[in-house]
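K.L.:
Supplied structure: work.cif, mmCIF, C-alpha atoms.
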data_start
#
loop_
_atom_site.group_PDB
_atom_site.id
_atom_site.type_symbol
_atom_site.label_atom_id
_atom_site.label_comp_id
_atom_site.auth_asym_id
_atom_site.auth_seq_id
_atom_site.Cartn_x
_atom_site.Cartn_y
_atom_site.Cartn_z
ATOM 1 C CA MET A 23 -22.443 -44.442 27.233
ATOM 2 C CA ASP A 24 -22.150 -41.967 30.086
ATOM 3 C CA ALA A 25 -18.866 -42.342 32.006
ATOM 4 C CA LYS A 26 -20.826 -42.587 35.277
ATOM 5 C CA ALA A 27 -22.669 -45.578 33.939
ATOM 6 C CA GLU A 28 -19.567 -47.401 32.708
ATOM 7 C CA THR A 29 -18.945 -50.602 34.580
ATOM 8 C CA ASN A 30 -15.536 -51.845 35.582
ATOM 9 C CA SER A 31 -15.191 -55.138 33.742
ATOM 10 C CA THR A 32 -12.815 -56.541 36.358
ATOM 11 C CA THR A 33 -14.810 -55.799 39.516
ATOM 12 C CA GLY A 34 -18.308 -55.211 38.149
ATOM 13 C CA THR A 35 -18.563 -51.897 40.006
ATOM 14 C CA SER A 36 -19.758 -48.699 38.421
ATOM 15 C CA GLY A 37 -17.426 -45.737 37.934
ATOM 16 C CA SER A 38 -19.473 -43.544 40.288
ATOM 17 C CA ALA A 39 -19.384 -46.106 43.100
ATOM 18 C CA ALA A 40 -15.628 -46.472 42.747
ATOM 19 C CA ALA A 41 -15.227 -42.695 43.018
ATOM 20 C CA THR A 42 -16.893 -42.552 46.426
ATOM 21 C CA SER A 43 -15.143 -45.490 48.102
ATOM 22 C CA ALA A 44 -11.540 -45.769 49.188
ATOM 23 C CA PRO A 45 -9.299 -47.307 46.544
ATOM 24 C CA ALA A 46 -8.266 -50.890 47.152
ATOM 25 C CA ALA A 47 -4.594 -51.660 47.691
ATOM 26 C CA VAL A 48 -3.023 -52.727 44.407
ATOM 27 C CA ASP A 49 -0.177 -55.204 44.114
ATOM 28 C CA PRO A 50 2.298 -53.428 41.790
ATOM 29 C CA ALA A 51 3.286 -56.769 40.230
ATOM 30 C CA ALA A 52 -0.344 -57.421 39.286
ATOM 31 C CA ALA A 53 -0.979 -53.955 37.806
ATOM 32 C CA ASP A 54 -2.649 -54.217 34.419
ATOM 33 C CA PRO A 55 -1.890 -51.337 31.996
ATOM 34 C CA ALA A 56 -5.112 -51.981 30.045
ATOM 35 C CA TYR A 57 -7.200 -51.716 33.221
ATOM 36 C CA ALA A 58 -5.297 -48.589 34.326
ATOM 37 C CA ALA A 59 -5.791 -47.007 30.890
ATOM 38 C CA ARG A 60 -9.564 -47.563 30.927
ATOM 39 C CA GLU A 61 -10.019 -46.339 34.494
ATOM 40 C CA LEU A 62 -7.771 -43.301 33.997
ATOM 41 C CA ARG A 63 -9.592 -42.326 30.792
ATOM 42 C CA VAL A 64 -12.984 -42.500 32.529
ATOM 43 C CA LEU A 65 -11.721 -40.625 35.587
ATOM 44 C CA VAL A 66 -10.059 -37.850 33.571
ATOM 45 C CA GLY A 67 -13.208 -37.443 31.485
ATOM 46 C CA ARG A 68 -15.392 -37.078 34.582
ATOM 47 C CA LEU A 69 -12.960 -34.634 36.163
ATOM 48 C CA ARG A 70 -12.794 -32.530 32.973
ATOM 49 C CA ARG A 71 -16.593 -32.379 32.776
ATOM 50 C CA ARG A 72 -16.799 -31.363 36.445
ATOM 51 C CA LEU A 73 -14.204 -28.622 35.973
ATOM 52 C CA ARG A 74 -16.081 -27.378 32.922
ATOM 53 C CA GLU A 75 -19.221 -27.056 35.057
ATOM 54 C CA VAL A 76 -17.308 -24.882 37.531
ATOM 55 C CA ASP A 77 -15.611 -22.803 34.858
ATOM 56 C CA ASP A 78 -17.226 -19.670 33.436
ATOM 57 C CA VAL A 79 -14.989 -18.423 30.631
ATOM 58 C CA HIS A 80 -17.247 -16.544 28.282
ATOM 59 C CA GLU A 81 -18.026 -19.659 26.224
ATOM 60 C CA LEU A 82 -14.475 -20.290 25.076
ATOM 61 C CA THR A 83 -13.784 -23.792 23.761
ATOM 62 C CA ALA A 84 -11.319 -26.139 25.425
ATOM 63 C CA SER A 85 -8.822 -25.624 22.582
ATOM 64 C CA GLN A 86 -9.133 -21.834 22.839
ATOM 65 C CA LEU A 87 -8.553 -22.007 26.598
ATOM 66 C CA ALA A 88 -5.560 -24.291 26.067
ATOM 67 C CA VAL A 89 -3.980 -21.780 23.671
ATOM 68 C CA LEU A 90 -4.616 -18.839 25.994
ATOM 69 C CA GLY A 91 -3.209 -20.816 28.907
ATOM 70 C CA ARG A 92 -0.096 -21.728 26.939
ATOM 71 C CA LEU A 93 0.440 -18.109 25.855
ATOM 72 C CA ASP A 94 -0.008 -17.030 29.473
ATOM 73 C CA ARG A 95 2.542 -19.593 30.713
ATOM 74 C CA ASP A 96 5.088 -19.544 27.876
ATOM 75 C CA GLY A 97 4.719 -16.084 26.370
ATOM 76 C CA PRO A 98 4.147 -15.025 22.743
ATOM 77 C CA ALA A 99 4.439 -17.723 20.069
ATOM 78 C CA SER A 100 3.814 -18.242 16.379
ATOM 79 C CA THR A 101 0.814 -20.197 15.139
ATOM 80 C CA SER A 102 3.061 -23.065 14.027
ATOM 81 C CA ASP A 103 4.817 -23.165 17.409
ATOM 82 C CA LEU A 104 1.440 -23.270 19.172
ATOM 83 C CA ALA A 105 0.251 -26.072 16.882
ATOM 84 C CA LYS A 106 3.348 -28.104 17.664
ATOM 85 C CA ALA A 107 3.054 -27.486 21.413
ATOM 86 C CA GLU A 108 -0.650 -28.422 21.463
ATOM 87 C CA HIS A 109 -0.163 -31.441 19.153
ATOM 88 C CA VAL A 110 -2.631 -30.238 16.522
ATOM 89 C CA ARG A 111 -2.411 -29.542 12.797
ATOM 90 C CA PRO A 112 -1.361 -26.005 11.819
ATOM 91 C CA GLN A 113 -4.707 -25.560 10.024
ATOM 92 C CA SER A 114 -6.600 -26.411 13.238
ATOM 93 C CA MET A 115 -4.485 -23.970 15.220
ATOM 94 C CA ALA A 116 -5.086 -21.257 12.604
ATOM 95 C CA ALA A 117 -8.846 -21.719 13.066
ATOM 96 C CA THR A 118 -8.481 -21.510 16.860
ATOM 97 C CA ILE A 119 -6.350 -18.362 16.568
ATOM 98 C CA ALA A 120 -8.878 -16.798 14.161
ATOM 99 C CA ALA A 121 -11.715 -17.415 16.648
ATOM 100 C CA LEU A 122 -9.676 -15.886 19.484
ATOM 101 C CA ASP A 123 -8.790 -12.903 17.292
ATOM 102 C CA GLU A 124 -12.455 -12.378 16.454
ATOM 103 C CA ARG A 125 -13.248 -12.245 20.201
ATOM 104 C CA GLY A 126 -10.433 -9.781 20.910
ATOM 105 C CA MET A 127 -8.491 -12.313 22.977
ATOM 106 C CA ILE A 128 -5.201 -12.182 21.064
ATOM 107 C CA ALA A 129 -2.993 -9.607 19.385
ATOM 108 C CA ARG A 130 -0.471 -10.176 16.602
ATOM 109 C CA ARG A 131 2.932 -8.569 16.287
ATOM 110 C CA GLN A 132 5.989 -9.081 14.140
ATOM 111 C CA ASP A 133 8.641 -11.448 15.490
ATOM 112 C CA PRO A 134 11.691 -9.252 16.230
ATOM 113 C CA ALA A 135 14.006 -12.170 15.386
ATOM 114 C CA ASP A 136 12.281 -12.992 12.075
ATOM 115 C CA GLY A 137 10.207 -10.266 10.428
ATOM 116 C CA ARG A 138 8.411 -12.839 8.260
ATOM 117 C CA ARG A 139 6.744 -14.445 11.288
ATOM 118 C CA GLN A 140 3.935 -13.138 13.453
ATOM 119 C CA LEU A 141 3.816 -13.751 17.170
ATOM 120 C CA ILE A 142 0.518 -14.259 18.943
ATOM 121 C CA GLU A 143 0.070 -12.813 22.438
ATOM 122 C CA PRO A 144 -2.901 -12.586 24.792
ATOM 123 C CA THR A 145 -4.769 -9.318 25.269
ATOM 124 C CA PRO A 146 -5.748 -7.988 28.719
ATOM 125 C CA ALA A 147 -9.246 -9.466 28.139
ATOM 126 C CA ALA A 148 -7.666 -12.898 27.615
ATOM 127 C CA ASP A 149 -5.499 -12.471 30.712
ATOM 128 C CA ASP A 150 -8.627 -11.743 32.754
ATOM 129 C CA ALA A 151 -10.482 -14.745 31.289
ATOM 130 C CA VAL A 152 -7.581 -17.135 31.931
ATOM 131 C CA ARG A 153 -7.023 -15.839 35.442
ATOM 132 C CA GLY A 154 -10.722 -16.119 36.317
ATOM 133 C CA SER A 155 -10.969 -19.588 34.827
ATOM 134 C CA ARG A 156 -7.932 -20.856 36.710
ATOM 135 C CA GLN A 157 -9.096 -19.330 39.950
ATOM 136 C CA ALA A 158 -12.549 -20.933 39.747
ATOM 137 C CA ARG A 159 -11.131 -24.368 38.898
ATOM 138 C CA ASP A 160 -8.356 -24.133 41.505
ATOM 139 C CA GLU A 161 -10.803 -23.123 44.231
ATOM 140 C CA TRP A 162 -13.138 -26.011 43.409
ATOM 141 C CA LEU A 163 -10.286 -28.535 43.300
ATOM 142 C CA GLU A 164 -8.739 -27.274 46.529
ATOM 143 C CA CYS A 165 -12.065 -27.496 48.333
ATOM 144 C CA ALA A 166 -12.782 -30.973 46.932
ATOM 145 C CA LEU A 167 -9.319 -32.245 47.928
ATOM 146 C CA ARG A 168 -9.662 -30.789 51.422
ATOM 147 C CA GLU A 169 -13.151 -32.242 51.961
ATOM 148 C CA ARG A 170 -12.708 -35.675 50.366
ATOM 149 C CA PHE A 171 -9.169 -36.773 51.260
ATOM 150 C CA SER A 172 -7.261 -37.397 54.465
ATOM 151 C CA ALA A 173 -3.759 -35.937 54.747
ATOM 152 C CA GLU A 174 -2.285 -39.356 53.883
ATOM 153 C CA GLU A 175 -4.540 -39.752 50.832
ATOM 154 C CA LEU A 176 -3.684 -36.239 49.664
ATOM 155 C CA ALA A 177 0.025 -37.055 49.941
ATOM 156 C CA THR A 178 -0.579 -40.086 47.710
ATOM 157 C CA VAL A 179 -2.402 -37.915 45.141
ATOM 158 C CA VAL A 180 0.478 -35.416 45.147
ATOM 159 C CA ALA A 181 3.018 -38.232 44.726
ATOM 160 C CA ALA A 182 1.070 -39.602 41.731
ATOM 161 C CA LEU A 183 1.107 -36.224 39.945
ATOM 162 C CA GLY A 184 4.696 -36.695 38.785
ATOM 163 C CA PHE A 185 3.877 -40.047 37.222
ATOM 164 C CA LEU A 186 0.780 -38.696 35.508
ATOM 165 C CA GLU A 187 2.742 -35.728 34.153
ATOM 166 C CA ARG A 188 4.788 -38.163 32.042
ATOM 167 C CA LEU A 189 1.603 -39.226 30.244
ATOM 168 C CA SER A 190 0.997 -35.691 29.000
ATOM 169 C CA GLU A 191 4.443 -35.313 27.451
#
Could you write out this file's structure as structure tokens?
P.N.:
Amino acid sequence: MDAKAETNSTTGTSGSAAATSAPAAVDPAAADPAYAARELRVLVGRLRRRLREVDDVHELTASQLAVLGRLDRDGPASTSDLAKAEHVRPQSMAATIAALDERGMIARRQDPADGRRQLIEPTPAADDAVRGSRQARDEWLECALRERFSAEELATVVAALGFLERLSE
């Protein structure tokens, strides 16, 4: 079922209608984690699809972009370290790294601390792709936030970011 067509079982409203109206005040004592989980999953899925529409990154997959983004943020890393950081199996990460290598997006070098390990680092082509991707997504999000939220609503969104960050850890 398309996320836009999903219906909120509590209110009977569709996901797309809820996205265009102001959120109702919620009594914190009555907050239902199951309801929040469903709504957050649908919302994150819609937002990811929208960002993907905006993003033009030379047909890189989401996992490839995640690896390039992590290398950009955290610096060179081994395949096993990347797998651990991205919460995937080492074999899956090896396949992602191989695809990036084939596209000229990564370079390998010996780890100076342990000559048996190889470190993966982004190439200038990867840096350009990541930078362009981030810029396109950031510009779209900034414009959407500016156009669709009042200053008070935006402050609420910013305050919620810290709570949502804990979910990704």
K.L.:
If we count only C-alpha atoms, what is near region 153-158 of chain A at a cut-off of 9 Å, once residues fewer than 4 positions away on the same chain are taken out, given as a list of chain:residue names?
P.N.:
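Once the nearby chain positions are removed, what remains is A:Leu73, A:Val76, A:Asp77, A:Asp78, A:Val79, A:Leu87, A:Ala148, A:Asp149, A:Trp162, A:Leu163.
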K.L.:
For the atom pair CA of Glu175 (chain A) and CA of Glu75 (chain A), what is the interatomic distance in Å to one decimal place?
P.N.:
25.0 Å
K.L.:
Would you kindly return, as a count of residues only, each protein, DNA or RNA residue with an atom no farther than 12 Å from any atom of Ala59 (chain A), considering only C-alpha atoms and excluding same-chain residues fewer than 6 positions away?
P.N.:
6
K.L.:
Using the chain letters and numbering of this document, enumerate as a ChimeraX atom specification the residues selected by the PyMOL selection byres ((chain A and resi 93) around 10).
P.N.:
/A:87-92,94-99,104,128,142-144,148-149
K.L.:
Could those residues be written to a file, using C-alpha atoms, as an mmCIF file, in the coordinates of the input?
P.N.:
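Once everything was written out, this is selection_22.cif:
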data_model
loop_
_atom_site.group_PDB
_atom_site.id
_atom_site.type_symbol
_atom_site.label_atom_id
_atom_site.label_comp_id
_atom_site.auth_asym_id
_atom_site.auth_seq_id
_atom_site.Cartn_x
_atom_site.Cartn_y
_atom_site.Cartn_z
ATOM 1 C CA LEU A 87 -8.553 -22.007 26.598
ATOM 2 C CA ALA A 88 -5.560 -24.291 26.067
ATOM 3 C CA VAL A 89 -3.980 -21.780 23.671
ATOM 4 C CA LEU A 90 -4.616 -18.839 25.994
ATOM 5 C CA GLY A 91 -3.209 -20.816 28.907
ATOM 6 C CA ARG A 92 -0.096 -21.728 26.939
ATOM 7 C CA ASP A 94 -0.008 -17.030 29.473
ATOM 8 C CA ARG A 95 2.542 -19.593 30.713
ATOM 9 C CA ASP A 96 5.088 -19.544 27.876
ATOM 10 C CA GLY A 97 4.719 -16.084 26.370
ATOM 11 C CA PRO A 98 4.147 -15.025 22.743
ATOM 12 C CA ALA A 99 4.439 -17.723 20.069
ATOM 13 C CA LEU A 104 1.440 -23.270 19.172
ATOM 14 C CA ILE A 128 -5.201 -12.182 21.064
ATOM 15 C CA ILE A 142 0.518 -14.259 18.943
ATOM 16 C CA GLU A 143 0.070 -12.813 22.438
ATOM 17 C CA PRO A 144 -2.901 -12.586 24.792
ATOM 18 C CA ALA A 148 -7.666 -12.898 27.615
ATOM 19 C CA ASP A 149 -5.499 -12.471 30.712
#
K.L.:
In Å, rounded to a single decimal, give me how far CA of Thr178 (chain A) is from CA of Asp54 (chain A).
P.N.:
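Those two atoms sit 19.5 Å apart.
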K.L.:
Using all atoms listed in the file, which residue out of A:Gln86, A:Gln132, A:Gln140, A:Thr145 lies closest to Asp103 (chain A)?
P.N.:
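Of A:Gln86, A:Gln132, A:Gln140, A:Thr145, the one nearest Asp103 (chain A) is A:Gln140, counting all atoms listed in the file.
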K.L.:
Mind listing whatever residues come within 12 Å of the point (-21.2, -14.7, 22.3)? Use all atoms listed in the file, file coordinates, and give them as a count of residues only.
P.N.:
10
K.L.:
Just give me the gap between CA of Leu167 (chain A) and CA of Arg68 (chain A) in Å, one decimal is fine.
P.N.:
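CA of Leu167 (chain A) sits 15.4 Å away from CA of Arg68 (chain A).
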K.L.:
Which is closest to Glu164 (chain A) among A:Val64, A:Leu176, A:Val152, A:Ala129, if we use all atoms listed in the file?
P.N.:
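The answer is A:Leu176, which sits nearest to Glu164 (chain A).
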K.L.:
How big is the axis-aligned box, and where does its centre sit, when it encloses all atoms of region 144-156 of chain A listed in the file and has 5 Å added on every side, reported in Å to one decimal as lines of an AutoDock Vina configuration file?
P.N.:
center_x = -6.9
center_y = -14.4
center_z = 30.8
size_x = 18.1
size_y = 22.9
size_z = 21.9
K.L.:
Compare A:Ser85, A:Leu69, A:Asp160, A:Asp133 by their minimum atom-to-atom distance to Ala116 (chain A), counting all atoms listed in the file, and give me the closest one.
P.N.:
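Ranked by minimum distance to Ala116 (chain A), first place goes to A:Ser85.
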K.L.:
For Ala147 (chain A), which residue out of A:Tyr57, A:Met127, A:Arg188, A:Glu169 is the nearest one, using only C-alpha atoms?
P.N.:
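With only C-alpha atoms as the atom set, the closest residue is A:Met127.
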K.L.:
Of the candidates A:Arg111, A:Leu183, A:Ala105, A:Ser100, which shows the shortest atom-to-atom distance to Asp136 (chain A), using only C-alpha atoms?
P.N.:
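Of A:Arg111, A:Leu183, A:Ala105, A:Ser100, the one nearest Asp136 (chain A), counting only C-alpha atoms, is A:Ser100.
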K.L.:
When distances are computed from all atoms listed in the file, which of A:Ser190, A:Gly67, A:Ala120, A:Ser102 shows the smallest separation from Leu141 (chain A)?
P.N.:
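Closest to Leu141 (chain A), using all atoms listed in the file: A:Ser102.
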K.L.:
Where atoms are missing, can you supply all heavy atoms for region 57-68 of chain A and output the lot as an mmCIF file, in the frame of the given file?
P.N.:
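So part-v9.cif came out as:
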data_model
loop_
_atom_site.group_PDB
_atom_site.id
_atom_site.type_symbol
_atom_site.label_atom_id
_atom_site.label_comp_id
_atom_site.auth_asym_id
_atom_site.auth_seq_id
_atom_site.Cartn_x
_atom_site.Cartn_y
_atom_site.Cartn_z
ATOM 1 N N TYR A 57 -6.235 -52.123 32.189
ATOM 2 C CA TYR A 57 -7.200 -51.716 33.221
ATOM 3 C C TYR A 57 -6.929 -50.271 33.637
ATOM 4 O O TYR A 57 -7.845 -49.455 33.713
ATOM 5 C CB TYR A 57 -7.101 -52.654 34.423
ATOM 6 C CG TYR A 57 -7.871 -52.160 35.629
ATOM 7 C CD1 TYR A 57 -9.249 -52.321 35.694
ATOM 8 C CD2 TYR A 57 -7.220 -51.536 36.685
ATOM 9 C CE1 TYR A 57 -9.960 -51.861 36.790
ATOM 10 C CE2 TYR A 57 -7.934 -51.069 37.772
ATOM 11 C CZ TYR A 57 -9.297 -51.236 37.826
ATOM 12 O OH TYR A 57 -9.999 -50.777 38.911
ATOM 13 N N ALA A 58 -5.663 -49.948 33.903
ATOM 14 C CA ALA A 58 -5.297 -48.589 34.326
ATOM 15 C C ALA A 58 -5.680 -47.579 33.249
ATOM 16 O O ALA A 58 -6.187 -46.500 33.566
ATOM 17 C CB ALA A 58 -3.800 -48.517 34.635
ATOM 18 N N ALA A 59 -5.464 -47.918 31.992
ATOM 19 C CA ALA A 59 -5.791 -47.007 30.890
ATOM 20 C C ALA A 59 -7.289 -46.711 30.855
ATOM 21 O O ALA A 59 -7.700 -45.551 30.737
ATOM 22 C CB ALA A 59 -5.329 -47.603 29.556
ATOM 23 N N ARG A 60 -8.106 -47.764 30.956
ATOM 24 C CA ARG A 60 -9.564 -47.563 30.927
ATOM 25 C C ARG A 60 -10.023 -46.708 32.103
ATOM 26 O O ARG A 60 -10.793 -45.763 31.937
ATOM 27 C CB ARG A 60 -10.291 -48.906 30.965
ATOM 28 C CG ARG A 60 -10.310 -49.656 29.660
ATOM 29 C CD ARG A 60 -11.225 -50.861 29.733
ATOM 30 N NE ARG A 60 -10.932 -51.765 30.843
ATOM 31 C CZ ARG A 60 -10.037 -52.755 30.810
ATOM 32 N NH1 ARG A 60 -9.351 -52.983 29.720
ATOM 33 N NH2 ARG A 60 -9.854 -53.515 31.869
ATOM 34 N N GLU A 61 -9.585 -47.055 33.298
ATOM 35 C CA GLU A 61 -10.019 -46.339 34.494
ATOM 36 C C GLU A 61 -9.542 -44.893 34.486
ATOM 37 O O GLU A 61 -10.288 -43.988 34.866
ATOM 38 C CB GLU A 61 -9.537 -47.066 35.753
ATOM 39 C CG GLU A 61 -10.181 -48.419 35.959
ATOM 40 C CD GLU A 61 -11.695 -48.339 36.103
ATOM 41 O OE1 GLU A 61 -12.170 -47.535 36.935
ATOM 42 O OE2 GLU A 61 -12.392 -49.062 35.379
ATOM 43 N N LEU A 62 -8.305 -44.661 34.047
ATOM 44 C CA LEU A 62 -7.771 -43.301 33.997
ATOM 45 C C LEU A 62 -8.526 -42.460 32.977
ATOM 46 O O LEU A 62 -8.872 -41.305 33.232
ATOM 47 C CB LEU A 62 -6.277 -43.323 33.678
ATOM 48 C CG LEU A 62 -5.562 -41.979 33.709
ATOM 49 C CD1 LEU A 62 -5.692 -41.324 35.087
ATOM 50 C CD2 LEU A 62 -4.094 -42.169 33.344
ATOM 51 N N ARG A 63 -8.835 -43.044 31.823
ATOM 52 C CA ARG A 63 -9.592 -42.326 30.792
ATOM 53 C C ARG A 63 -10.960 -41.901 31.320
ATOM 54 O O ARG A 63 -11.379 -40.752 31.159
ATOM 55 C CB ARG A 63 -9.765 -43.204 29.553
ATOM 56 C CG ARG A 63 -10.617 -42.566 28.471
ATOM 57 C CD ARG A 63 -10.887 -43.518 27.310
ATOM 58 N NE ARG A 63 -11.382 -44.816 27.693
ATOM 59 C CZ ARG A 63 -12.655 -45.072 28.073
ATOM 60 N NH1 ARG A 63 -13.535 -44.094 28.108
ATOM 61 N NH2 ARG A 63 -13.039 -46.285 28.386
ATOM 62 N N VAL A 64 -11.663 -42.811 31.986
ATOM 63 C CA VAL A 64 -12.984 -42.500 32.529
ATOM 64 C C VAL A 64 -12.873 -41.425 33.609
ATOM 65 O O VAL A 64 -13.637 -40.453 33.629
ATOM 66 C CB VAL A 64 -13.661 -43.776 33.085
ATOM 67 C CG1 VAL A 64 -14.928 -43.436 33.867
ATOM 68 C CG2 VAL A 64 -13.984 -44.734 31.947
ATOM 69 N N LEU A 65 -11.905 -41.576 34.491
ATOM 70 C CA LEU A 65 -11.721 -40.625 35.587
ATOM 71 C C LEU A 65 -11.374 -39.230 35.073
ATOM 72 O O LEU A 65 -11.956 -38.233 35.508
ATOM 73 C CB LEU A 65 -10.622 -41.120 36.532
ATOM 74 C CG LEU A 65 -10.232 -40.155 37.637
ATOM 75 C CD1 LEU A 65 -11.366 -40.005 38.629
ATOM 76 C CD2 LEU A 65 -8.976 -40.639 38.327
ATOM 77 N N VAL A 66 -10.455 -39.148 34.123
ATOM 78 C CA VAL A 66 -10.059 -37.850 33.571
ATOM 79 C C VAL A 66 -11.248 -37.199 32.860
ATOM 80 O O VAL A 66 -11.474 -35.994 32.990
ATOM 81 C CB VAL A 66 -8.836 -37.989 32.638
ATOM 82 C CG1 VAL A 66 -8.600 -36.728 31.825
ATOM 83 C CG2 VAL A 66 -7.590 -38.344 33.446
ATOM 84 N N GLY A 67 -12.019 -37.986 32.153
ATOM 85 C CA GLY A 67 -13.208 -37.443 31.485
ATOM 86 C C GLY A 67 -14.203 -36.862 32.470
ATOM 87 O O GLY A 67 -14.732 -35.762 32.276
ATOM 88 N N ARG A 68 -14.463 -37.589 33.562
ATOM 89 C CA ARG A 68 -15.392 -37.078 34.582
ATOM 90 C C ARG A 68 -14.858 -35.816 35.234
ATOM 91 O O ARG A 68 -15.595 -34.853 35.460
ATOM 92 C CB ARG A 68 -15.639 -38.144 35.660
ATOM 93 C CG ARG A 68 -16.659 -39.164 35.259
ATOM 94 C CD ARG A 68 -17.173 -39.942 36.452
ATOM 95 N NE ARG A 68 -16.158 -40.355 37.382
ATOM 96 C CZ ARG A 68 -15.744 -41.605 37.566
ATOM 97 N NH1 ARG A 68 -16.270 -42.582 36.872
ATOM 98 N NH2 ARG A 68 -14.821 -41.881 38.462
#
